[in-house]
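Peer 1: Please read through the structure below; I'll follow up with questions.
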Amino acid sequence: PSGVFGFIPGLENWGEKEFYLRTDTKAEKYFTLFTIPFSESYSLKSVLMLYTGLSFQFPIPNTTIKQSNQLYIDGMFYGRGWTIYNTAAGRGKMLLNNTAELRFPVVPNILSLDFFFDASLIKDEPSELFTSAFATTDDWYFSYGPSLRIVLQQFPLRFLFVSNFKLDENGTYTFRDAYGNQLDNWLSTWHFVLSFNLTNR
């Protein structure tokens, strides 16, 4: 989907200051890895979920998008576990979010135990996806861990236990806290995050 934000350029005196096009492209796929029946009513199964979302913001020429309206890593759905949405590092006009989840329904249609891995990329400009997305690792944010997901539509909560990391210029794994500060101890990276079980994020 895509949308245009702002009214007609040239009417800035009416209070409108920003004019831009936003596009969102999403792909999601599920694979059943195995199903082991234990009884007529219950089977142990595992499902692999893969998700990729790519968003762009294109400002109309001679206009800008203020930082508070730019795309961002929110830490709940995108780049889970990172608390950087209120910083310049966590905002930009291009956002790529990749997720892999290994799901084990504990109580079918009620409760699931999942293991997730997120890799999110944020860039200042859309063109940087093609020029510097893989040339530098500084704009990539990684997180992983287990989560307990309530599948009920009336109570769609997800409780995550998250560890964050980044890769330096040499590709070395570095421990990080939720704010991006480097840590020496892997155990100190783990923290709880409350999220929601929403589809088509």
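Identifiers for the structure tokens are assigned positionally: chains receive A, B, ... in sequence, residues are indexed from 1 per chain, and ligands are indexed from 1 in the order shown.
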Using only C-alpha atoms, which residues of region 136-197 of chain A come within 7 Å of region 107-114 of chain A, and what is the closest atom pair for each, with the distance in Å to one decimal? Give it as JSON lines, sorted by chain and residue number.
Peer 2:
{"residue": "A:Pro146", "atom": "CA", "partner": "A:Asp114", "partner_atom": "CA", "distance": 5.6}
{"residue": "A:Ser147", "atom": "CA", "partner": "A:Asp114", "partner_atom": "CA", "distance": 5.1}
{"residue": "A:Leu148", "atom": "CA", "partner": "A:Leu113", "partner_atom": "CA", "distance": 4.9}
{"residue": "A:Arg149", "atom": "CA", "partner": "A:Ser112", "partner_atom": "CA", "distance": 5.1}
{"residue": "A:Ile150", "atom": "CA", "partner": "A:Leu111", "partner_atom": "CA", "distance": 4.8}
{"residue": "A:Val151", "atom": "CA", "partner": "A:Ile110", "partner_atom": "CA", "distance": 4.8}
{"residue": "A:Leu152", "atom": "CA", "partner": "A:Ile110", "partner_atom": "CA", "distance": 5.4}
Peer 1: Within 7 Å of Arg91 (chain A), counting only C-alpha atoms, which residues show up once you throw out same-chain ones fewer than 2 positions away? Write them as a PyMOL selection string, please.
Peer 2: chain A and resi 67+70-73+85+87-89+122
Peer 1: Can you measure CA of Thr131 (chain A) to CA of Glu18 (chain A) for me? One decimal in Å is fine.
Peer 2: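 Rounded to one decimal, the two atoms are 25.9 Å apart.
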Peer 1: Name the residues in contact with Asp74 (chain A) at a cut-off of 9 Å, using only C-alpha atoms, excluding same-chain residues fewer than 6 positions from it; report them as an MDAnalysis selection string.
Peer 2: chainID A and resid 80:86 90
Peer 1: With DSSP run on the backbone, what are the strand (DSSP E or B) residues within region 23-159 of chain A? I'd like them as number ranges by chain.
Peer 2: A: 23-37, 43-59, 71-72, 91-92, 94-107, 111-123, 140-150, 157-159
Peer 1: Any idea what the distance is between CA of Asn197 (chain A) and CA of Asp177 (chain A)?
Peer 2: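 A separation of 23.6 Å between them.
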Peer 1: One decimal, in Å: what's the spacing between CA of Tyr30 (chain A) and CA of Ser55 (chain A)?
Peer 2: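 Separation between CA of Tyr30 (chain A) and CA of Ser55 (chain A): 21.7 Å.
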Peer 1: Closest to Pro156 (chain A) among A:Ser195, A:Thr189, A:Asn170, A:Ser132, using only C-alpha atoms?
Peer 2: A:Ser195
Peer 1: List every residue of region 35-92 of chain A that DSSP, applied to the backbone, labels as helix (DSSP H, G or I), and write the result as a list in words.
Peer 2: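 Going through region 35-92 of chain A, the helix (DSSP H, G or I) residues come out as Gln67, Ser68, Asn69, Ala88, Ala89 and Gly90 of chain A.
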Peer 1: Give me, as a ChimeraX atom specification, all polymer residues having an atom no more than 8 Å from Ala119 (chain A), counting only C-alpha atoms and skipping those fewer than 5 positions away in the same chain.
Peer 2: /A:79,97-99,140-143
Peer 1: Write the residues of the selection above to a file with N, CA, C and O atoms, as a PDB file, in the first residue's frame.
Peer 2:
ATOM      1  N   GLY A  79      12.369  -4.285  14.968  1.00  0.00           N
ATOM      2  CA  GLY A  79      13.571  -4.233  15.801  1.00  0.00           C
ATOM      3  C   GLY A  79      13.216  -4.437  17.258  1.00  0.00           C
ATOM      4  O   GLY A  79      13.571  -3.628  18.113  1.00  0.00           O
ATOM      5  N   ASN A  97      12.558  -4.253   7.666  1.00  0.00           N
ATOM      6  CA  ASN A  97      12.464  -5.113   8.843  1.00  0.00           C
ATOM      7  C   ASN A  97      12.294  -6.562   8.406  1.00  0.00           C
ATOM      8  O   ASN A  97      11.382  -6.888   7.644  1.00  0.00           O
ATOM      9  N   ASN A  98      13.192  -7.424   8.886  1.00  0.00           N
ATOM     10  CA  ASN A  98      13.139  -8.856   8.587  1.00  0.00           C
ATOM     11  C   ASN A  98      12.953  -9.635   9.881  1.00  0.00           C
ATOM     12  O   ASN A  98      13.620  -9.354  10.877  1.00  0.00           O
ATOM     13  N   THR A  99      12.057 -10.608   9.850  1.00  0.00           N
ATOM     14  CA  THR A  99      11.767 -11.401  11.034  1.00  0.00           C
ATOM     15  C   THR A  99      11.669 -12.873  10.667  1.00  0.00           C
ATOM     16  O   THR A  99      11.066 -13.224   9.645  1.00  0.00           O
ATOM     17  N   TRP A 140      22.202  -1.310  11.051  1.00  0.00           N
ATOM     18  CA  TRP A 140      21.497  -2.575  11.262  1.00  0.00           C
ATOM     19  C   TRP A 140      21.333  -2.821  12.757  1.00  0.00           C
ATOM     20  O   TRP A 140      22.260  -2.625  13.540  1.00  0.00           O
ATOM     21  N   TYR A 141      20.157  -3.304  13.144  1.00  0.00           N
ATOM     22  CA  TYR A 141      19.851  -3.598  14.544  1.00  0.00           C
ATOM     23  C   TYR A 141      19.298  -5.021  14.622  1.00  0.00           C
ATOM     24  O   TYR A 141      18.320  -5.358  13.949  1.00  0.00           O
ATOM     25  N   PHE A 142      19.945  -5.841  15.451  1.00  0.00           N
ATOM     26  CA  PHE A 142      19.583  -7.252  15.558  1.00  0.00           C
ATOM     27  C   PHE A 142      19.075  -7.567  16.961  1.00  0.00           C
ATOM     28  O   PHE A 142      19.567  -7.014  17.961  1.00  0.00           O
ATOM     29  N   SER A 143      18.115  -8.473  17.033  1.00  0.00           N
ATOM     30  CA  SER A 143      17.607  -8.929  18.330  1.00  0.00           C
ATOM     31  C   SER A 143      17.057 -10.333  18.175  1.00  0.00           C
ATOM     32  O   SER A 143      16.667 -10.745  17.077  1.00  0.00           O
TER      33      SER A 143
END
Peer 1: Counting only C-alpha atoms, which residues in region 87-200 of chain A sit no more than 9 Å from region 38-46 of chain A? For each one, give the nearest pair of atoms and the distance in Å, sorted by chain then residue number, as JSON lines.
Peer 2:
{"residue": "A:Leu102", "atom": "CA", "partner": "A:Ser46", "partner_atom": "CA", "distance": 6.9}
{"residue": "A:Arg103", "atom": "CA", "partner": "A:Ser46", "partner_atom": "CA", "distance": 5.6}
{"residue": "A:Phe104", "atom": "CA", "partner": "A:Ser46", "partner_atom": "CA", "distance": 4.9}
{"residue": "A:Pro105", "atom": "CA", "partner": "A:Lys45", "partner_atom": "CA", "distance": 6.8}
{"residue": "A:Val106", "atom": "CA", "partner": "A:Leu44", "partner_atom": "CA", "distance": 7.8}
{"residue": "A:Val107", "atom": "CA", "partner": "A:Tyr42", "partner_atom": "CA", "distance": 8.7}
{"residue": "A:Pro108", "atom": "CA", "partner": "A:Tyr42", "partner_atom": "CA", "distance": 8.2}
Peer 1: Could you write out that same residue set with C-alpha atoms as a compact mmCIF listing (two decimals), in the first residue's frame?
Peer 2:
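Printed below is out09.txt as written:
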# COMPACT_ATOMS: atom_id res chain seq x y z
CA LEU A 102 9.97 -20.58 15.08
CA ARG A 103 6.54 -21.19 16.62
CA PHE A 104 5.39 -24.03 18.86
CA PRO A 105 1.66 -23.92 19.69
CA VAL A 106 1.38 -25.07 23.32
CA VAL A 107 -2.40 -24.76 23.58
CA PRO A 108 -3.84 -24.54 20.05
Peer 1: I need the residue nearest Leu157 (chain A) from this list: A:Phe196, A:Tyr78, A:Phe58, A:Phe117. Use only C-alpha atoms for the distance.
Peer 2: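 Using only C-alpha atoms, the shortest distance to Leu157 (chain A) belongs to A:Phe196.
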Peer 1: Check the smallest atom-to-atom distance from each of A:Tyr51, A:Phe134, A:Ala27, A:Lys93 to Ser68 (chain A) using only C-alpha atoms, then report the winner.
Peer 2: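 Closest residue, counting only C-alpha atoms: A:Lys93.
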Peer 1: Find, counting only C-alpha atoms, the residue in A:Asp118, A:Glu169, A:Asp24, A:Asp138 that gets nearest to Phe77 (chain A).
Peer 2: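 Ranking A:Asp118, A:Glu169, A:Asp24, A:Asp138 by distance to Phe77 (chain A), first place goes to A:Asp118.
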Peer 1: Which residue out of A:Phe34, A:Phe130, A:Phe155, A:Phe161 has the minimum interatomic distance to Phe116 (chain A) when only C-alpha atoms are used?
Peer 2: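 Selected residue with least distance to Phe116 (chain A): A:Phe161.
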Peer 1: Which residue gives the smallest distance to Ser120 (chain A) among A:Gln182, A:Thr52, A:Arg176, A:Arg158, with only C-alpha atoms counted?
Peer 2: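 Among A:Gln182, A:Thr52, A:Arg176, A:Arg158, it is A:Thr52 that comes nearest to Ser120 (chain A).
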